[in-house]
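**Q** This is the structure I want to talk about, given as structure tokens.
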Amino acid sequence: MNIAIFASGTGTTLQTLIDRQAELGYHVALVVANRECQAVERAQKHHIPTLQTKDWTAIDTALANSNIQLVVLAGFLAIIPHWICEKWNKRIINIHPSLLPKYGGKGMYGIHVQEAVLAAKEQEAGCTVHYVSAEIDGGSIIAQAKVDVLPEDTPETLAQRIQEQEKILLPRVIDELAHL
Ligand code: GAR
């Protein structure tokens, strides 16, 4: 299965997906970034075609030209326009660092999520892989992984443990979708 990965940041999730593609049922055929970021450098290092743009028509065309079957949002911090959500319905998935439907929606990304989790004194936290719909973080849930919140946790330590789970969960889900 040919996948495109959309990223905006450090691209550690992208790196994991690249590192594991040889043993799993997908091929990273395209990396799309909406800004200059480390994720693009990682892709280039692995000779994966990249596209850095905010032009959604260009992105849509590139997905078709690269024969993409699944789009994976891996730390992609831009809103997907409705027409792309509709056109690529059930073919875009996202990894989010919370147990959705809790701590999703506008402004809930990266470390802000774990700050909110700790402020609410949650006992458990985690990550969710879900289909992308027009509602931010509101598409149907595919899989989740949980971690305990420890009394000594800071947003950073909690985020670190959750990201370890993300890097196990996301390749597994993509592999399962590839084998459907
Ligand atoms: C990941 O923790 C991902 O869950 C989060 O951004 C990080 C990306 O890290 N995504 C969101 O918060 C989306 N709402 P990376 O750039 O190192 O892969």
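Quick note on naming: the chains in the structure tokens go A, B, ... in the order shown, residues restart at 1 in each chain, and ligands are numbered from 1 in order of appearance.
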Around ligand 1, which protein and nucleic acid residues have at least one atom no more than 6 Å from it, if we count only C-alpha atoms and all ligand atoms? List them as a list of chain:residue names.
**A**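 For ligand 1, the residues inside 6 Å are A:Gly9, A:Thr10, A:Gly11, A:Thr12, A:Thr13, A:Leu14, A:Ala74, A:Gly75, A:Ile95, A:His96, A:Pro97, A:Tyr109, A:Gly110, A:Gln163.
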**Q** Once you have the residues from the selection above, write them out as a PDB file, in the first residue's frame, restricted to C-alpha atoms.
**A**
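Saved the output as part.pdb:
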```
ATOM      1  CA  GLY A   9       7.485  19.347  12.787  1.00  0.00           C
ATOM      2  CA  THR A  10      10.387  17.243  13.956  1.00  0.00           C
ATOM      3  CA  GLY A  11       9.136  14.192  12.077  1.00  0.00           C
ATOM      4  CA  THR A  12      10.033  11.516  14.622  1.00  0.00           C
ATOM      5  CA  THR A  13       6.783   9.704  13.757  1.00  0.00           C
ATOM      6  CA  LEU A  14       7.661   9.912  10.070  1.00  0.00           C
ATOM      7  CA  ALA A  74       1.908  12.453  11.604  1.00  0.00           C
ATOM      8  CA  GLY A  75       2.229  15.695  13.533  1.00  0.00           C
ATOM      9  CA  ILE A  95      -2.461  10.132  15.230  1.00  0.00           C
ATOM     10  CA  HIS A  96      -3.485  12.325  18.156  1.00  0.00           C
ATOM     11  CA  PRO A  97      -1.781  12.335  21.583  1.00  0.00           C
ATOM     12  CA  TYR A 109      -1.981  19.593  19.826  1.00  0.00           C
ATOM     13  CA  GLY A 110       1.477  18.642  20.995  1.00  0.00           C
ATOM     14  CA  GLN A 163       4.974   9.145  21.932  1.00  0.00           C
TER      15      GLN A 163
END
```
**Q** Identify, on the basis of only C-alpha atoms, every residue whose closest approach to range 78-92 of chain A does not exceed 7 Å; exclude the query and any residue fewer than 3 positions from it along the same chain; express the result as an MDAnalysis selection string.
**A** chainID A and resid 69:72 131:134
**Q** Skipping near chain neighbours, those fewer than 4 positions away, what residues fall within 12 Å of Ala145 in chain A using only C-alpha atoms, listed as a list in words?
**A** Ile95, His96, Pro97, Ser98, Leu99, Leu100, Glu124, Ala125, Gly126, Cys127, Thr128, Val129, Ile141, Arg161, Ile162, Gln163, Glu164, Gln165, Glu166, Lys167, Ile168, Leu169, Leu170, Arg172 and Val173 of chain A
**Q** Based on the selection just made, write N, CA, C and O atoms of those residues as a compact mmCIF listing (two decimals), in the first residue's frame.
**A**
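Writing done, so here's out17.txt:
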```txt
# COMPACT_ATOMS: atom_id res chain seq x y z
N ILE A 95 -2.83 10.56 13.88
CA ILE A 95 -2.46 10.13 15.23
C ILE A 95 -2.55 11.36 16.12
O ILE A 95 -1.99 12.41 15.80
N HIS A 96 -3.28 11.21 17.23
CA HIS A 96 -3.48 12.32 18.16
C HIS A 96 -3.05 11.88 19.55
O HIS A 96 -3.40 10.78 19.99
N PRO A 97 -2.34 12.77 20.29
CA PRO A 97 -1.78 12.33 21.58
C PRO A 97 -2.75 12.44 22.76
O PRO A 97 -2.39 12.95 23.82
N SER A 98 -3.98 11.94 22.58
CA SER A 98 -4.91 11.84 23.73
C SER A 98 -5.87 10.70 23.48
O SER A 98 -5.95 10.17 22.36
N LEU A 99 -6.59 10.36 24.52
CA LEU A 99 -7.63 9.34 24.38
C LEU A 99 -8.90 10.06 23.92
O LEU A 99 -9.75 10.44 24.71
N LEU A 100 -8.99 10.25 22.59
CA LEU A 100 -10.18 10.94 22.05
C LEU A 100 -11.44 10.15 22.43
O LEU A 100 -11.35 8.94 22.60
N GLU A 124 -5.32 8.39 33.62
CA GLU A 124 -4.73 7.76 32.44
C GLU A 124 -4.79 8.71 31.22
O GLU A 124 -5.64 9.59 31.15
N ALA A 125 -3.85 8.47 30.33
CA ALA A 125 -3.76 9.28 29.11
C ALA A 125 -3.41 8.30 27.98
O ALA A 125 -3.42 7.08 28.19
N GLY A 126 -3.09 8.83 26.80
CA GLY A 126 -2.75 7.91 25.72
C GLY A 126 -2.81 8.57 24.37
O GLY A 126 -2.71 9.79 24.26
N CYS A 127 -3.00 7.74 23.35
CA CYS A 127 -3.04 8.25 21.98
C CYS A 127 -4.11 7.51 21.19
O CYS A 127 -4.53 6.41 21.56
N THR A 128 -4.53 8.16 20.11
CA THR A 128 -5.63 7.63 19.29
C THR A 128 -5.27 7.73 17.81
O THR A 128 -4.78 8.77 17.37
N VAL A 129 -5.54 6.67 17.07
CA VAL A 129 -5.50 6.74 15.61
C VAL A 129 -6.95 6.77 15.14
O VAL A 129 -7.75 5.93 15.56
N ILE A 141 -12.89 6.42 15.50
CA ILE A 141 -11.67 5.94 16.14
C ILE A 141 -11.32 4.54 15.63
O ILE A 141 -12.19 3.66 15.55
N ARG A 161 6.30 9.40 27.10
CA ARG A 161 5.77 8.03 27.21
C ARG A 161 4.66 7.77 26.20
O ARG A 161 4.55 6.68 25.65
N ILE A 162 3.85 8.78 25.95
CA ILE A 162 2.76 8.61 24.97
C ILE A 162 3.34 8.47 23.56
O ILE A 162 2.89 7.63 22.78
N GLN A 163 4.38 9.25 23.28
CA GLN A 163 4.97 9.14 21.93
C GLN A 163 5.59 7.77 21.69
O GLN A 163 5.58 7.27 20.56
N GLU A 164 6.10 7.15 22.75
CA GLU A 164 6.61 5.78 22.59
C GLU A 164 5.47 4.86 22.14
O GLU A 164 5.65 4.00 21.28
N GLN A 165 4.30 5.05 22.75
CA GLN A 165 3.14 4.23 22.37
C GLN A 165 2.66 4.56 20.95
O GLN A 165 2.26 3.67 20.20
N GLU A 166 2.70 5.84 20.59
CA GLU A 166 2.29 6.24 19.23
C GLU A 166 3.11 5.50 18.19
O GLU A 166 2.59 5.09 17.15
N LYS A 167 4.41 5.34 18.49
CA LYS A 167 5.31 4.76 17.50
C LYS A 167 5.17 3.24 17.42
O LYS A 167 5.72 2.61 16.52
N ILE A 168 4.44 2.66 18.34
CA ILE A 168 4.07 1.25 18.23
C ILE A 168 2.70 1.13 17.54
O ILE A 168 2.51 0.33 16.63
N LEU A 169 1.78 1.98 17.99
CA LEU A 169 0.39 1.88 17.52
C LEU A 169 0.24 2.23 16.03
O LEU A 169 -0.42 1.49 15.28
N LEU A 170 0.83 3.34 15.61
CA LEU A 170 0.58 3.82 14.25
C LEU A 170 1.07 2.86 13.16
O LEU A 170 0.29 2.53 12.24
N ARG A 172 1.42 -0.27 13.36
CA ARG A 172 0.56 -1.47 13.45
C ARG A 172 -0.77 -1.22 12.73
O ARG A 172 -1.23 -2.07 11.96
N VAL A 173 -1.38 -0.06 12.98
CA VAL A 173 -2.67 0.24 12.35
C VAL A 173 -2.52 0.33 10.83
O VAL A 173 -3.33 -0.22 10.08
```
**Q** At a cut-off of 10 Å, using only C-alpha atoms, what residues contact range 37-45 of chain A? Leave out same-chain residues fewer than 2 positions from it and give the result as a count of residues only.
**A** 28
**Q** For Glu156 in chain A, which residue out of A:Ala178, A:Leu17, A:Val117, A:Ala143 is the nearest one, using only C-alpha atoms?
**A**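 Nearest candidate to Glu156 in chain A out of A:Ala178, A:Leu17, A:Val117, A:Ala143: A:Val117.
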**Q** Can you list, as an MDAnalysis selection string, all residues belonging to range 30-151 of chain A that DSSP tags as strand (DSSP E)?
**A** chainID A and resid 30:33 50:52 70:73 92:96 124:131 141:148
**Q** Mind checking DSSP for range 41-80 of chain A and telling me the helix (DSSP H, G or I) residues as a PyMOL selection string?
**A** chain A and resi 41-45+56-65
